[in-house]
Structure formats: C-alpha cells, structure tokens
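A.B. asks: So that we are looking at the same thing, I have put the structure below in structure tokens.
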Amino acid sequence: MNEKIFRSSFLTSILVLVVSFVLIFGILFEYFEGQILSELKNEANYIAYAVKSEGVSYIDNFKGSDKRITLIAPDGVVLADTEKPVSELENHLQREEIREAQEKGWGSCARYSSTLAEKVDYYAIRLEDGSFLRVSTTRNAVWTILLGLVQPLIVIVLIIMGISFYLSYKLSNAIVKPINDLDLDNPSGNETYKELAPLLKKLSAQKRTIDGQIREARQKQEEFRLISENMSEGLLVIDAEGRVLTYNNAAFRLLEKDESKFKNILTFKQARTFSEVVESALQGARAEDDMESDERRYRLIANPVVEGEKTIGAVIMIIDITESAKREQLRREFTSNVSHELKTPLTSISGFAEIMKDGGTPEATVMDFSKSIYVEAQRLITLVSDIIRISELDEKTLPFEKEAVDIYALSGEIIGRLRNVAASRNIRMELLGESVMIFGIRKILDEMIHNLCDNAVKYNVDGGMVSVFVLKTEKGAVVSVKDTGIGIPSSEQDRVFERFYRVDKSHSRHLGGTGLGLSIVKHGAAYHNAEITLESTLGKGTEVRVEFVN
C-alpha cells in the first residue's frame, strides 16, 4: 500500500509538472504572438502616418533594421521595400495579409521557413489611397527557442522530480503510518481516519467471533486430548503417506514404541497383520483384524479418511483384547470340561441302568450298581451345584444377603464337619486365632473355607496336619489354611484356581473332586473384595491365605 501511494503521488506530481509546462508554454506562446502582432500594428500605423507626411522616401530610413517595410500598390505591385529591389519582387496582391487588408483594412499572417527554422510575421494596413503598407519581422520558431531552454529545463525538471520524490515518500509514509500503527488486537480502540471506522468495527466484530471460535476449538482440542489420553485403546491418525498426525499414549504403549519413533507408521516393525490393515485403510477400505505380540492379543480397526473421492489418511484403533480372548478361551475350555465331566458319570449311570433293565441281574449286583449309580448321581449334583455357584458369582446374582459373619466361629464349624474324614486318615486339624467379624455372604464364605480345608485333607499325607488361622488385621481379617501334604509344583501354582484344572487328574478323580473347588474360592474372594495368596513346596505342603478388607 505504501508503495502504491508513493507511486501514485509521484506520478501525479510528474503529470502536474508536465501539464504545467504545457500550459505555461502555451500561454507564453499566445502572449508573445499577441505582443509581436501588437508591435507590428503600432509600427505599421506609425510608418503609415510618416509616409503620408514625408513621402515614400521615409521608408528608406528603415533599411538595415530588424523590420522589413514594404509599400504595395493597390494592384499588388511593390512600390518600395527595405530589403530587396522592387524589380526582383513579384506581385503581392494574392498574399494572404494583403487580401485580408483589402477586405477589412488590415491583415496579418505568419509564414514558417522549414529550411531556416524561422517564422516571419506580417502585418498589413490599407492606406487612404488604396495602397498597402506591410511591416514584417523574422523570429526563430518556438521549438528552436525551446531547444535553447533544454538544459535549464532539464535542471528544473530534475529538481522538481527530486522534490516530488521526497514529498511523495514523506506523504505516503504519513498516510500509511496510522494504518500500520493500528492495534488489531483492539480494533475499536484505535484513533485513525474516520473512513476506516466501518472497517475497524467489522474487524472488531470478526475478532470477537474468531476469538470465540478459537476458544471453542481449544476447548474441543483439550476435550479430545483428555479423552484420547485416558483411553485404554490406542489411537493413531495418519495421512496418505503413512505419516503419524495424532496419537495417544496408549498407542505407543500397546505398540511398545518410543514416542520419538512415531513419525511414519510404515516404518513400524510390527506383525504382517498390522501392515496389511494399514495398507487396506489407505486404499480406501475399512479393515479389521487381530494381531498377537509378546503373549498379548490386539484387535486392529482401521477406517479410511476420505475427502471427495480421494483417501487422505486413516484412523487406526488398537484394542487390547488379551483378557477377553483369555475369557473366551476359558469359556471354551469350561464348556469342554463341563461336557466331559458330565459325560463320565452319565456314561456310568447309563451303563449300569442298561445292564439292569433287561433283568436277570443278581440282587447283590443290583445293589452294587445302585450304589454306584447313587455315587455318580451325587457327583453330578455336586458338579451342577458348583457350576451354578460359579455362574452366580460371575454374574453377581447370588440369592443371599450379606450379613456380619464371625469367620473364626464359621471355620470351627467347618473343621467339625471334616474332622471324621480327617480322622479316617489320622490327619489332625486345628483352629488358631481369634474371633473376627466380616461383612459377607455366610453361604459363600462357608463354601470357600470348606473347599480350602477339604483340599488340605484330600491332598495331605496320612498322619498329616491341617492348621486354620483366623487373624484380625488393620484392614479386616485373614484366613489361612495350611497343610503338610503333597504340595503343588511351582509350574502349576498359577493355574490351580482355573476351572476344572487338576494338578494330578487321576488322583483328583479318585478323591471325588469336581475341579471347581479352588475356582469357587477365587470367585468368592473376588465377590468379597478379598485377595488370595498361595505358597506351596512340593512334598512339604501348601498354605492358602485369604485376606478380607472391610
């Protein structure tokens, strides 16, 4: 803008200068022309009066002067001339100034000599006797005069151009300065040209609108950041070239990548599945697949980002489905195990019944078969009851209300119920500790402690020992069941709480276990917000601690 104002003002100054020179020279030209004509007129009248008084000889007095005097007869014949002999001069009747003087008493004319670059001005008057007196003068042409003024004119023009340049520069700066000094952060608070007031008002309104939009955008950006950073799922936004535009902490945690490497996703050294999902999304197709890495399982979901008909990037979600995959695996294993566990006693019951239905079976054999059928049926009932109990614990749909339970007294009741079974193998059971009240479901607490004590007896050695400790802690209570039995190998200790898992399957079946006892203990502890700790040494015994928190 400054440059434009400067250029406009400078060119305007030059244009004014040129126009001024043209006007000045035009006025001077007209003025000089008028002056010359006036002088010629005065001289012509003066000489005409003198010729009338003193005769034609008076003209001879002007020979050698800068004026040429010519006396012409009414028929155009030259009677006298101050420059040439009259015999050499042609008839002047057709001269323009003579014809004009013949009509109105005086006439003027100017003739230009291109060879001499001169101009001759003529002025003629008609005398009383009908003759004509003509006075003429020779002068240089105007352009010749101007040519002589070129040098001083150039100097004047350069000076004026310099002054115009300086003034234009100062003027443009002075005009632009208030605009450059505008405080656009506070448009309405500026004092400047009144012509800018509407613009400043509009800028002020637009600034308020933009500030509001920026605040809203920042708020949304912060909300997005908080949401994305608190997501357990990984989020990646990439462009068409695979460059990472946005990501959250979960993304490089799940992908086990340093933040500094999050530049181009195509450089990630991940499973083939990851690359295929990304490439499919960048080609415009939604892609979804599972990927395994370091014993973890992830679900990849990639959606293309489309603008018009062009794919400009992709949004990738990384979901850790390890736990859900494990649960699905456990569910399948549970279904398989339940089917197997149910099939075994049902097969036995079916076999015994098939033998007895045809009759002819000795009474003693029928009694044995009936006893076996009863045992297998009880096993089925126990198995179904345990399955229902685990399902209720999983779904938290237990048909019982929580109450205050003396865990020490409950443990004493359970030991009393198991004492005869333990005595049959000469296993001694003892209860140590103190009375502690916890808030829970008595039925579930009973099954938990019963299963722990029952396992301590079943997997103990003849003549062994089972010790139950009930202790009060700052947080709540601890129930510990310790035996001197066969112990659990360290490689199996992490799995003993799984459903239907048995360390020694043949030994467990012989003892009549369903494989769900410790699983019920685990789910019951979770229901009561308790923690389980297991310590076991092969051949020396096992201790299981359940710590309840009020």
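Letters A, B, ... go to the chains of the structure tokens in the order shown; residues in each chain start at 1; ligands are counted from 1 in the same order.
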Could you give me, as a list in words, the residues within 10 Å of A:Glu96, counting only C-alpha atoms and dropping anything in the same chain fewer than 2 positions from it?
C.D. replies: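 Those residues are His92, Leu93, Gln94, Ile98, Arg99, Glu100, Ala101, Gln102, Gly107, Ser108, Cys109, Ala110, Tyr122 and Ala124 of chain A.
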A.B. asks: Write to file, as a short mmCIF file (atom, residue, chain, number, x, y, z; two decimals), in the first residue's frame, the residues of the selection just made, with all heavy atoms.
C.D. replies:
data_model
loop_
_atom_site.label_atom_id
_atom_site.label_comp_id
_atom_site.auth_asym_id
_atom_site.auth_seq_id
_atom_site.Cartn_x
_atom_site.Cartn_y
_atom_site.Cartn_z
N HIS A 92 2.23 41.15 -55.11
CA HIS A 92 1.83 40.72 -53.76
C HIS A 92 0.33 40.77 -53.53
O HIS A 92 -0.12 40.57 -52.39
CB HIS A 92 2.49 41.64 -52.72
CG HIS A 92 3.95 41.32 -52.46
ND1 HIS A 92 4.81 40.85 -53.43
CD2 HIS A 92 4.67 41.40 -51.32
CE1 HIS A 92 6.01 40.66 -52.92
NE2 HIS A 92 5.96 41.00 -51.61
N LEU A 93 -0.43 40.93 -54.62
CA LEU A 93 -1.86 41.11 -54.41
C LEU A 93 -2.52 39.85 -53.83
O LEU A 93 -3.49 39.95 -53.09
CB LEU A 93 -2.53 41.48 -55.76
CG LEU A 93 -4.02 41.87 -55.66
CD1 LEU A 93 -4.20 43.11 -54.79
CD2 LEU A 93 -4.58 42.14 -57.07
N GLN A 94 -1.95 38.67 -54.11
CA GLN A 94 -2.53 37.41 -53.64
C GLN A 94 -1.97 36.96 -52.29
O GLN A 94 -2.37 35.89 -51.79
CB GLN A 94 -2.30 36.32 -54.69
CG GLN A 94 -2.96 36.60 -56.03
CD GLN A 94 -4.46 36.81 -55.90
OE1 GLN A 94 -5.13 36.09 -55.17
NE2 GLN A 94 -5.00 37.80 -56.61
N ILE A 98 -2.42 40.72 -47.59
CA ILE A 98 -2.89 41.80 -48.46
C ILE A 98 -4.36 41.61 -48.76
O ILE A 98 -5.15 42.56 -48.73
CB ILE A 98 -2.06 41.86 -49.77
CG1 ILE A 98 -0.56 42.09 -49.43
CG2 ILE A 98 -2.57 42.93 -50.69
CD1 ILE A 98 -0.29 43.38 -48.66
N ARG A 99 -4.75 40.33 -49.03
CA ARG A 99 -6.16 40.08 -49.31
C ARG A 99 -7.03 40.42 -48.10
O ARG A 99 -8.11 40.99 -48.23
CB ARG A 99 -6.38 38.61 -49.70
CG ARG A 99 -5.79 38.24 -51.06
CD ARG A 99 -6.47 36.99 -51.62
NE ARG A 99 -6.51 35.92 -50.61
CZ ARG A 99 -5.55 35.02 -50.45
NH1 ARG A 99 -4.47 35.07 -51.22
NH2 ARG A 99 -5.67 34.09 -49.52
N GLU A 100 -6.52 40.06 -46.92
CA GLU A 100 -7.28 40.34 -45.71
C GLU A 100 -7.39 41.85 -45.47
O GLU A 100 -8.46 42.36 -45.09
CB GLU A 100 -6.61 39.65 -44.50
CG GLU A 100 -7.44 39.72 -43.23
CD GLU A 100 -6.78 38.98 -42.08
OE1 GLU A 100 -5.74 38.28 -42.30
OE2 GLU A 100 -7.30 39.05 -40.94
N ALA A 101 -6.27 42.59 -45.73
CA ALA A 101 -6.28 44.06 -45.55
C ALA A 101 -7.20 44.73 -46.57
O ALA A 101 -7.82 45.76 -46.30
CB ALA A 101 -4.85 44.61 -45.68
N GLN A 102 -7.27 44.13 -47.76
CA GLN A 102 -8.13 44.65 -48.81
C GLN A 102 -9.60 44.57 -48.40
O GLN A 102 -10.41 45.42 -48.76
CB GLN A 102 -7.87 43.85 -50.11
CG GLN A 102 -8.39 44.52 -51.36
CD GLN A 102 -7.96 43.74 -52.61
OE1 GLN A 102 -7.77 42.54 -52.56
NE2 GLN A 102 -7.80 44.45 -53.73
N GLY A 107 -4.61 43.27 -42.12
CA GLY A 107 -4.49 41.82 -42.19
C GLY A 107 -3.15 41.36 -41.63
O GLY A 107 -2.17 42.11 -41.62
N SER A 108 -3.13 40.14 -41.15
CA SER A 108 -1.90 39.58 -40.58
C SER A 108 -1.73 38.15 -41.05
O SER A 108 -2.69 37.47 -41.40
CB SER A 108 -1.94 39.61 -39.05
OG SER A 108 -2.99 38.78 -38.57
N CYS A 109 -0.47 37.71 -41.01
CA CYS A 109 -0.17 36.36 -41.48
C CYS A 109 1.21 35.98 -40.93
O CYS A 109 2.05 36.84 -40.66
CB CYS A 109 -0.18 36.31 -43.00
SG CYS A 109 0.21 34.66 -43.65
N ALA A 110 1.42 34.70 -40.79
CA ALA A 110 2.72 34.19 -40.34
C ALA A 110 3.09 33.05 -41.24
O ALA A 110 2.30 32.13 -41.49
CB ALA A 110 2.66 33.74 -38.89
N TYR A 122 3.72 38.92 -40.57
CA TYR A 122 3.38 40.03 -41.45
C TYR A 122 2.16 40.75 -40.91
O TYR A 122 1.21 40.08 -40.44
CB TYR A 122 3.06 39.53 -42.88
CG TYR A 122 4.22 38.85 -43.57
CD1 TYR A 122 4.38 37.48 -43.50
CD2 TYR A 122 5.14 39.62 -44.31
CE1 TYR A 122 5.44 36.86 -44.14
CE2 TYR A 122 6.21 38.99 -44.95
CZ TYR A 122 6.35 37.63 -44.87
OH TYR A 122 7.40 37.02 -45.50
N ALA A 124 -0.31 44.02 -42.35
CA ALA A 124 -0.53 44.99 -43.46
C ALA A 124 -1.76 45.84 -43.17
O ALA A 124 -2.74 45.33 -42.62
CB ALA A 124 -0.69 44.25 -44.78
#
A.B. asks: Near A:Thr473, within 10 Å and counting only C-alpha atoms, which residues show up once chain neighbours fewer than 6 positions away are dropped, as an mmCIF file with N, CA, C and O atoms, in the first residue's frame?
C.D. replies:
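Below is the file that was written, out21.cif:
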data_model
loop_
_atom_site.group_PDB
_atom_site.id
_atom_site.type_symbol
_atom_site.label_atom_id
_atom_site.label_comp_id
_atom_site.auth_asym_id
_atom_site.auth_seq_id
_atom_site.Cartn_x
_atom_site.Cartn_y
_atom_site.Cartn_z
ATOM 1 N N VAL A 436 -13.272 -62.870 64.647
ATOM 2 C CA VAL A 436 -13.240 -61.697 63.767
ATOM 3 C C VAL A 436 -14.535 -61.640 62.975
ATOM 4 O O VAL A 436 -14.949 -62.642 62.371
ATOM 5 N N GLU A 547 -7.220 -62.760 52.352
ATOM 6 C CA GLU A 547 -7.216 -61.525 53.157
ATOM 7 C C GLU A 547 -8.446 -60.698 52.793
ATOM 8 O O GLU A 547 -8.582 -60.232 51.661
ATOM 9 N N PHE A 548 -9.327 -60.533 53.779
ATOM 10 C CA PHE A 548 -10.553 -59.774 53.581
ATOM 11 C C PHE A 548 -10.329 -58.321 54.003
ATOM 12 O O PHE A 548 -9.672 -58.052 55.009
ATOM 13 N N VAL A 549 -10.899 -57.387 53.208
ATOM 14 C CA VAL A 549 -10.792 -55.965 53.509
ATOM 15 C C VAL A 549 -12.195 -55.432 53.757
ATOM 16 O O VAL A 549 -13.072 -55.553 52.891
#
A.B. asks: Skip A:Ile59 itself and residues of its chain fewer than 3 positions away, then list as a ChimeraX atom specification all residues within 9 Å of it, counting only C-alpha atoms.
C.D. replies: /A:47,50-51,55-56,62-63,69-71,80-82
A.B. asks: For a quick check of understanding, using only C-alpha atoms, which of A:Tyr112, A:Phe10, A:Val135, A:Val457 has the smallest distance to A:Ser65?
C.D. replies: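 Among the listed residues, the smallest separation from A:Ser65 belongs to A:Val135.
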A.B. asks: Please provide as a list in words all residues within 9 Å of stretch 16-27 of chain A, with the sequence filter that same-chain residues fewer than 4 positions apart are discarded (counting only C-alpha atoms).
C.D. replies: Leu11, Thr12, Tyr31, Phe32, Val157, Ile160 and Met161 of chain A
A.B. asks: If you run DSSP on the backbone, which residues of stretch 295-525 of chain A are alpha helix (DSSP H), as a PyMOL selection string?
C.D. replies: chain A and resi 322-357+363-395+407-423+442-458+505-511+517-525
A.B. asks: At a cut-off of 12 Å, using only C-alpha atoms, what residues contact A:Ser491? Leave out same-chain residues fewer than 3 positions from it and give the result as a PyMOL selection string.
C.D. replies: chain A and resi 487-488+494-496+503+536-538
A.B. asks: Selected residues, C-alpha atoms, written as a PDB file, in the first residue's frame, please.
C.D. replies:
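File written: again_23.pdb
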ATOM      1  CA  GLY A 487       2.390 -79.722  47.726  1.00  0.00           C
ATOM      2  CA  ILE A 488       1.971 -78.168  44.280  1.00  0.00           C
ATOM      3  CA  ASP A 494      -0.598 -70.124  38.728  1.00  0.00           C
ATOM      4  CA  ARG A 495      -3.271 -72.407  37.273  1.00  0.00           C
ATOM      5  CA  VAL A 496      -4.745 -74.246  40.251  1.00  0.00           C
ATOM      6  CA  VAL A 503      -2.570 -80.994  39.073  1.00  0.00           C
ATOM      7  CA  SER A 536       3.474 -74.312  48.259  1.00  0.00           C
ATOM      8  CA  THR A 537       6.535 -76.551  48.331  1.00  0.00           C
ATOM      9  CA  LEU A 538       6.441 -79.910  46.598  1.00  0.00           C
TER      10      LEU A 538
END
A.B. asks: A:Ala423, A:Ile444, A:Ile312, A:Ile125: which is nearest A:Glu401, counting only C-alpha atoms?
C.D. replies: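 So, comparing all the options, the nearest one is A:Ile444.
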